[in-house]
$ cat target.txt   # compact mmCIF, C-alpha atoms and all ligand atoms
# COMPACT_ATOMS: atom_id res chain seq x y z
CA MET W 13 -23.23 5.88 115.06
CA ASN W 14 -26.23 3.73 115.97
CA GLU W 15 -25.82 0.51 117.95
CA ALA W 16 -26.91 -1.89 115.17
CA ALA W 17 -24.45 -0.40 112.68
CA SER W 18 -21.51 -0.56 115.05
CA ARG W 19 -22.26 -4.21 115.88
CA ALA W 20 -22.56 -5.34 112.27
CA GLU W 21 -19.53 -3.63 110.79
CA VAL W 22 -16.85 -6.18 111.78
CA PRO W 23 -16.54 -9.90 111.00
CA GLY W 24 -15.39 -10.87 114.51
CA VAL W 25 -17.47 -11.24 117.66
CA PHE W 26 -17.07 -8.92 120.64
CA ILE W 27 -18.31 -10.23 123.99
CA THR W 28 -17.87 -8.47 127.31
CA PHE W 29 -18.12 -9.65 130.92
CA GLU W 30 -19.33 -7.31 133.63
CA GLY W 31 -20.19 -7.35 137.30
CA GLY W 32 -19.23 -6.07 140.71
CA GLU W 33 -16.17 -7.18 142.66
CA GLY W 34 -15.51 -10.87 143.24
CA ALA W 35 -17.96 -12.27 140.70
CA GLY W 36 -15.37 -14.68 139.26
CA LYS W 37 -15.35 -13.28 135.73
CA SER W 38 -11.80 -14.35 134.85
CA THR W 39 -12.42 -18.07 135.56
CA HIS W 40 -15.39 -18.09 133.20
CA ILE W 41 -13.66 -16.05 130.51
CA ARG W 42 -10.76 -18.55 130.49
CA PHE W 43 -13.10 -21.55 130.40
CA LEU W 44 -15.12 -20.07 127.53
CA ALA W 45 -11.94 -19.13 125.64
CA ARG W 46 -10.59 -22.69 125.90
CA THR W 47 -13.89 -24.08 124.65
CA LEU W 48 -14.06 -21.69 121.70
CA GLU W 49 -10.46 -22.46 120.76
CA GLY W 50 -11.39 -26.16 120.84
CA LEU W 51 -14.16 -25.34 118.36
CA GLY W 52 -11.56 -23.82 116.04
CA TYR W 53 -12.05 -20.11 116.77
CA SER W 54 -9.25 -17.65 117.22
CA VAL W 55 -9.89 -16.04 120.60
CA LEU W 56 -8.43 -13.01 122.32
CA MET W 57 -8.85 -12.46 126.07
CA LEU W 58 -8.49 -8.90 127.35
CA ARG W 59 -9.13 -6.94 130.51
CA GLU W 60 -10.04 -3.33 131.18
CA PRO W 61 -8.34 -1.21 132.15
CA GLY W 62 -5.33 -2.81 130.48
CA GLY W 63 -4.60 -4.98 127.46
CA THR W 64 -1.97 -2.60 126.04
CA GLU W 65 1.32 -1.36 127.48
CA LEU W 66 -0.11 2.13 128.02
CA GLY W 67 -3.39 0.70 129.33
CA GLU W 68 -1.63 -1.45 131.93
CA ALA W 69 0.33 1.63 133.09
CA LEU W 70 -2.94 3.58 133.38
CA ARG W 71 -4.47 0.63 135.27
CA ALA W 72 -1.67 0.73 137.83
CA LEU W 73 -2.20 4.49 138.27
CA VAL W 74 -5.98 4.44 138.61
CA LEU W 75 -6.07 1.51 141.06
CA ASP W 76 -3.18 2.67 143.25
CA PRO W 77 -4.48 3.73 146.69
CA ALA W 78 -1.52 6.12 147.00
CA TYR W 79 -3.31 8.65 144.73
CA GLY W 80 -6.59 8.95 146.64
CA PRO W 81 -8.76 11.01 146.81
CA VAL W 82 -9.07 11.19 143.03
CA SER W 83 -11.53 13.47 141.27
CA PRO W 84 -14.35 11.33 139.79
CA ARG W 85 -13.88 13.07 136.40
CA CYS W 86 -10.16 12.32 136.45
CA GLU W 87 -10.90 8.71 137.35
CA MET W 88 -13.40 8.36 134.52
CA LEU W 89 -11.05 9.89 131.98
CA ILE W 90 -8.23 7.50 132.91
CA TYR W 91 -10.55 4.53 132.28
CA GLU W 92 -11.65 6.12 129.00
CA ALA W 93 -8.06 6.82 127.96
CA ALA W 94 -7.07 3.19 128.52
CA ARG W 95 -10.16 2.11 126.57
CA ALA W 96 -9.43 4.32 123.56
CA GLN W 97 -5.96 2.81 123.28
CA LEU W 98 -7.29 -0.75 123.66
CA VAL W 99 -10.00 -0.29 121.02
CA ASP W 100 -7.64 1.23 118.44
CA GLU W 101 -4.56 -0.90 119.10
CA VAL W 102 -6.12 -4.29 119.84
CA ILE W 103 -9.90 -4.78 119.76
CA ARG W 104 -10.84 -3.25 116.40
CA PRO W 105 -7.94 -4.93 114.51
CA ALA W 106 -8.77 -8.31 116.10
CA LEU W 107 -12.45 -8.00 115.15
CA LEU W 108 -11.48 -7.05 111.61
CA GLU W 109 -9.42 -10.26 111.46
CA GLY W 110 -12.53 -12.24 112.49
CA LYS W 111 -11.42 -13.08 116.03
CA ILE W 112 -13.65 -13.59 119.02
CA VAL W 113 -12.72 -10.96 121.58
CA LEU W 114 -13.63 -11.66 125.23
CA CYS W 115 -13.15 -8.59 127.37
CA ASP W 116 -13.23 -8.50 131.17
CA ARG W 117 -15.13 -5.20 131.67
CA PHE W 118 -15.87 -2.46 129.12
CA THR W 119 -18.09 0.63 128.84
CA ASP W 120 -20.79 -0.73 131.18
CA SER W 121 -18.29 -0.71 134.04
CA THR W 122 -17.76 3.02 133.59
CA GLU W 123 -21.50 3.65 133.63
CA ALA W 124 -21.92 1.49 136.76
CA TYR W 125 -18.84 2.64 138.72
CA GLN W 126 -18.40 6.28 137.67
CA GLY W 127 -22.09 6.88 136.87
CA PHE W 128 -24.03 5.02 139.56
CA GLY W 129 -21.10 4.68 141.99
CA ARG W 130 -19.48 8.16 141.81
CA GLY W 131 -22.58 10.05 140.72
CA ILE W 132 -21.38 11.40 137.36
CA ASP W 133 -24.33 12.14 135.09
CA ARG W 134 -25.05 8.95 133.12
CA GLU W 135 -25.55 10.77 129.82
CA GLN W 136 -22.11 12.31 130.20
CA VAL W 137 -20.62 8.89 130.97
CA ARG W 138 -22.30 7.43 127.90
CA THR W 139 -21.00 10.21 125.70
CA ALA W 140 -17.47 9.65 127.01
CA ASN W 141 -17.88 5.88 126.57
CA ALA W 142 -18.98 6.19 122.96
CA PHE W 143 -16.07 8.54 122.23
CA ALA W 144 -13.47 6.27 123.83
CA ALA W 145 -14.90 3.08 122.30
CA ASP W 146 -15.22 4.84 118.94
CA GLY W 147 -18.84 3.68 118.81
CA LEU W 148 -17.98 0.01 119.32
CA VAL W 149 -20.74 -1.87 121.17
CA PRO W 150 -20.44 -5.51 122.36
CA GLU W 151 -22.53 -8.12 120.58
CA ALA W 152 -23.43 -9.55 123.99
CA THR W 153 -22.55 -8.70 127.58
CA LEU W 154 -22.72 -11.19 130.43
CA LEU W 155 -23.47 -9.70 133.84
CA LEU W 156 -22.04 -12.04 136.47
CA ARG W 157 -23.83 -11.33 139.69
CA CYS W 158 -22.95 -12.67 143.13
CA GLU W 159 -24.88 -12.66 146.40
CA GLY W 160 -24.22 -9.05 147.33
CA ALA W 161 -21.60 -6.33 147.45
CA ALA W 162 -20.20 -7.37 150.85
CA VAL W 163 -19.73 -11.01 149.80
CA GLY W 164 -18.13 -10.04 146.50
CA LEU W 165 -15.78 -7.53 148.11
CA ASP W 166 -14.73 -10.11 150.65
CA ARG W 167 -13.99 -12.64 147.92
CA ALA W 168 -12.07 -10.07 145.86
CA THR W 169 -9.86 -8.87 148.68
CA HIS W 170 -9.18 -11.87 150.90
CA HIS W 171 -5.96 -12.73 149.04
CA GLY W 172 -4.17 -9.49 149.83
CA ASP W 173 -4.21 -5.70 149.67
CA ALA W 174 -7.34 -4.06 148.35
CA ASP W 175 -6.88 -1.68 145.40
CA ARG W 176 -8.28 1.89 145.46
CA LEU W 177 -11.69 0.89 144.07
CA GLU W 178 -11.98 -2.15 146.33
CA GLN W 179 -11.30 0.14 149.30
CA GLU W 180 -14.56 1.99 148.65
CA GLY W 181 -17.24 1.00 151.14
CA VAL W 182 -20.07 -1.48 150.73
CA ASP W 183 -22.52 1.37 149.96
CA PHE W 184 -20.49 2.38 146.90
CA HIS W 185 -20.35 -1.19 145.63
CA THR W 186 -24.06 -1.71 146.33
CA ARG W 187 -24.83 1.34 144.14
CA VAL W 188 -22.60 -0.15 141.43
CA ASN W 189 -24.38 -3.52 141.57
CA ARG W 190 -27.80 -1.88 141.46
CA GLY W 191 -26.61 0.20 138.54
CA PHE W 192 -25.65 -2.92 136.60
CA ASP W 193 -29.10 -4.38 137.26
CA GLN W 194 -30.83 -1.23 136.02
CA MET W 195 -28.62 -1.06 132.94
CA MET W 196 -29.44 -4.68 132.14
CA GLY W 197 -33.16 -3.86 132.13
CA GLU W 198 -32.53 -0.94 129.79
CA SER W 199 -30.16 -2.75 127.40
CA GLY W 200 -32.71 -4.31 125.06
CA GLY W 201 -31.34 -7.82 125.68
CA ARG W 202 -27.65 -7.05 125.13
CA ILE W 203 -26.81 -7.51 128.83
CA ARG W 204 -27.65 -11.03 130.05
CA LEU W 205 -27.72 -12.08 133.69
CA VAL W 206 -25.60 -14.96 134.97
CA ASP W 207 -26.13 -16.04 138.58
CA THR W 208 -22.85 -16.99 140.24
CA SER W 209 -24.23 -18.18 143.59
CA GLY W 210 -24.03 -21.90 142.66
CA PRO W 211 -21.01 -24.07 141.79
CA LYS W 212 -18.73 -22.86 138.98
CA SER W 213 -20.07 -25.59 136.68
CA MET W 214 -23.58 -24.13 136.93
CA THR W 215 -22.33 -20.62 136.26
CA ALA W 216 -20.41 -21.82 133.19
CA ALA W 217 -23.49 -23.62 131.84
CA GLN W 218 -25.42 -20.35 132.18
CA VAL W 219 -22.67 -18.47 130.35
CA PHE W 220 -22.91 -20.89 127.43
CA ALA W 221 -26.73 -20.71 127.37
CA ALA W 222 -26.65 -16.92 127.47
CA LEU W 223 -24.47 -16.84 124.35
CA ALA W 224 -26.51 -19.35 122.30
CA ASP W 225 -27.83 -16.69 119.90
CA VAL W 226 -24.37 -15.23 119.24
CA LEU W 227 -22.41 -18.54 119.13
CA PRO W 228 -24.95 -21.33 118.42
CA GLU W 229 -22.27 -24.08 118.75
CA LEU W 230 -22.29 -23.48 122.50
CA SER W 231 -25.78 -24.97 122.73
CA ASP W 232 -24.61 -28.41 121.53
CA HIS W 233 -25.73 -30.28 124.65
CA SER W 234 -24.24 -33.60 123.50
CA ARG W 235 -20.80 -31.98 123.63
CA PHE W 236 -21.27 -29.49 126.45
CA ASP W 237 -22.99 -31.65 129.02
CA GLU W 238 -22.79 -31.85 132.81
CA ASP W 239 -19.47 -33.74 132.69
CA TYR W 240 -17.91 -31.04 130.53
CA PHE W 241 -18.78 -28.28 133.01
CA SER W 242 -18.01 -30.36 136.08
CA THR W 243 -14.26 -30.17 135.35
CA LEU W 244 -14.48 -26.61 136.70
CA ASP W 245 -15.66 -27.78 140.13
CA VAL W 246 -13.01 -30.52 140.27
CA LYS W 247 -10.29 -27.98 139.50
CA ALA W 248 -11.60 -25.62 142.15
CA HIS W 249 -10.97 -28.26 144.81
CA GLY W 250 -7.88 -29.88 143.29
P1 LIG O 301 -10.80 -5.56 138.00
O1 LIG O 301 -11.00 -5.64 136.51
O2 LIG O 301 -9.66 -6.35 138.46
O3 LIG O 301 -12.05 -5.80 138.76
O4 LIG O 301 -10.31 -4.06 138.33
C1 LIG O 301 -10.79 -2.99 137.74
C2 LIG O 301 -11.42 -2.06 138.76
O5 LIG O 301 -11.72 -0.83 138.10
C3 LIG O 301 -12.74 -2.58 139.33
O6 LIG O 301 -12.86 -2.14 140.67
C4 LIG O 301 -13.77 -1.87 138.50
C5 LIG O 301 -13.11 -0.56 138.17
N1 LIG O 301 -13.53 0.07 136.90
C6 LIG O 301 -14.15 1.30 136.93
O7 LIG O 301 -14.37 1.85 138.00
N2 LIG O 301 -14.49 1.87 135.75
C7 LIG O 301 -14.24 1.30 134.54
O8 LIG O 301 -14.54 1.86 133.50
C8 LIG O 301 -13.57 0.00 134.53
C9 LIG O 301 -13.26 -0.65 133.22
C10 LIG O 301 -13.24 -0.57 135.73
$ encode --input "target.txt" --output "structure tokens"
Amino acid sequence: MNEAASRAEVPGVFITFEGGEGAGKSTHIRFLARTLEGLGYSVLMLREPGGTELGEALRALVLDPAYGPVSPRCEMLIYEAARAQLVDEVIRPALLEGKIVLCDRFTDSTEAYQGFGRGIDREQVRTANAFAADGLVPEATLLLRCEGAAVGLDRATHHGDADRLEQEGVDFHTRVNRGFDQMMGESGGRIRLVDTSGPKSMTAAQVFAALADVLPELSDHSRFDEDYFSTLDVKAHG
């Protein structure tokens, strides 16, 4: 199935968020979801791996440090298995109902982590991705990038125990981040860069701007002005 056909075949809108560790994706997904709901859309927030009962069980397995070392192919197939279930059980039906689906990670994470990070041949990863996603391709993907792998890892793990992927060294995560950058350049505009080094309000404004072609309402600057975004910074300190 070609990319254009798989994007056009459903009435809903599928948007994914990608990036290395500690980029703050979930904050921005929640903020965007609230805004879109305020505009009258029906919005579904999901995360990968997860989003279904089976997917959450697979998530717990694949991230549990107790199982290391895990074969890279086994690791990739667990992510793909969780994805296949999520696409069939949740994403495709929601898109058919016309919902906006915001997903925290999708196929690009597998290409970055298992392809660039673990060294699995990228073509093989892409073939597995297309099979698991049943050809579904996001309408737009936001790549949230922070200052560097070490900073992101630190932010992701300072609250408590690191999961199995977070326990990989900085070199692994640097390869992942570089992979995302390369994939963005090759994506024909689907993957859009969002710089997260400034305050959350600035990152959120970039998220909205990056989605202007997919959801034109987000570029209504009289409604979504500095004050609107600044609530994010207030909350961060409150
Ligand atoms: P996170 O969504 O909380 O960041 O946790 C998911 C972890 O799994 C994160 O380290 C990225 C990693 N991952 C992969 O390695 N491959 C994948 O296909 C996906 C979806 C996530």
$ residues_near_ligand --input "target.txt" --ligand "ligand LIG 301 (chain O)" --cutoff "10 Å" --atoms "only C-alpha atoms and all ligand atoms" --output "ChimeraX atom specification"
/W:29-38,59-62,71-72,74-75,84,87-95,115-127,129-130,137,141,165,168,174-180,185,188
$ closest_residue --input "target.txt" --among "W:Ala145, W:Leu48, W:Leu155, W:Val25" --to "W:Gly110" --atoms "all atoms listed in the file"
W:Val25
$ residues_around --input "target.txt" --residues "W:Phe220" --least-positions-apart "2" --cutoff "9 Å" --atoms "only C-alpha atoms" --output "ChimeraX atom specification"
/W:44,215-218,222-224,227,230-231,236
$ closest_residue --input "target.txt" --among "W:Asp133, W:Lys111, W:Ala69, W:His40" --to "W:Met214" --atoms "only C-alpha atoms"
W:His40
$ atom_distance --input "target.txt" --atom1 "atom CA of W:Val55" --atom2 "atom CA of W:Arg104"
13.5 Å
$ residues_around --input "target.txt" --residues "W:Val113" --least-positions-apart "6" --cutoff "12 Å" --atoms "only C-alpha atoms" --output "VMD selection string"
chain W and resid 22 to 29 41 to 42 44 to 45 48 to 49 53 to 59 63 98 to 99 102 to 107 150 to 153
$ atom_distance --input "target.txt" --atom1 "atom CA of W:Gln97" --atom2 "atom CA of W:Ile112"
18.6 Å
$ closest_residue --input "target.txt" --among "W:Arg157, W:Phe184, W:Leu114, W:Val82" --to "W:Gly210" --atoms "only C-alpha atoms"
W:Arg157
$ atom_distance --input "target.txt" --atom1 "atom CA of W:Glu238" --atom2 "atom CA of W:Ser209"
17.5 Å
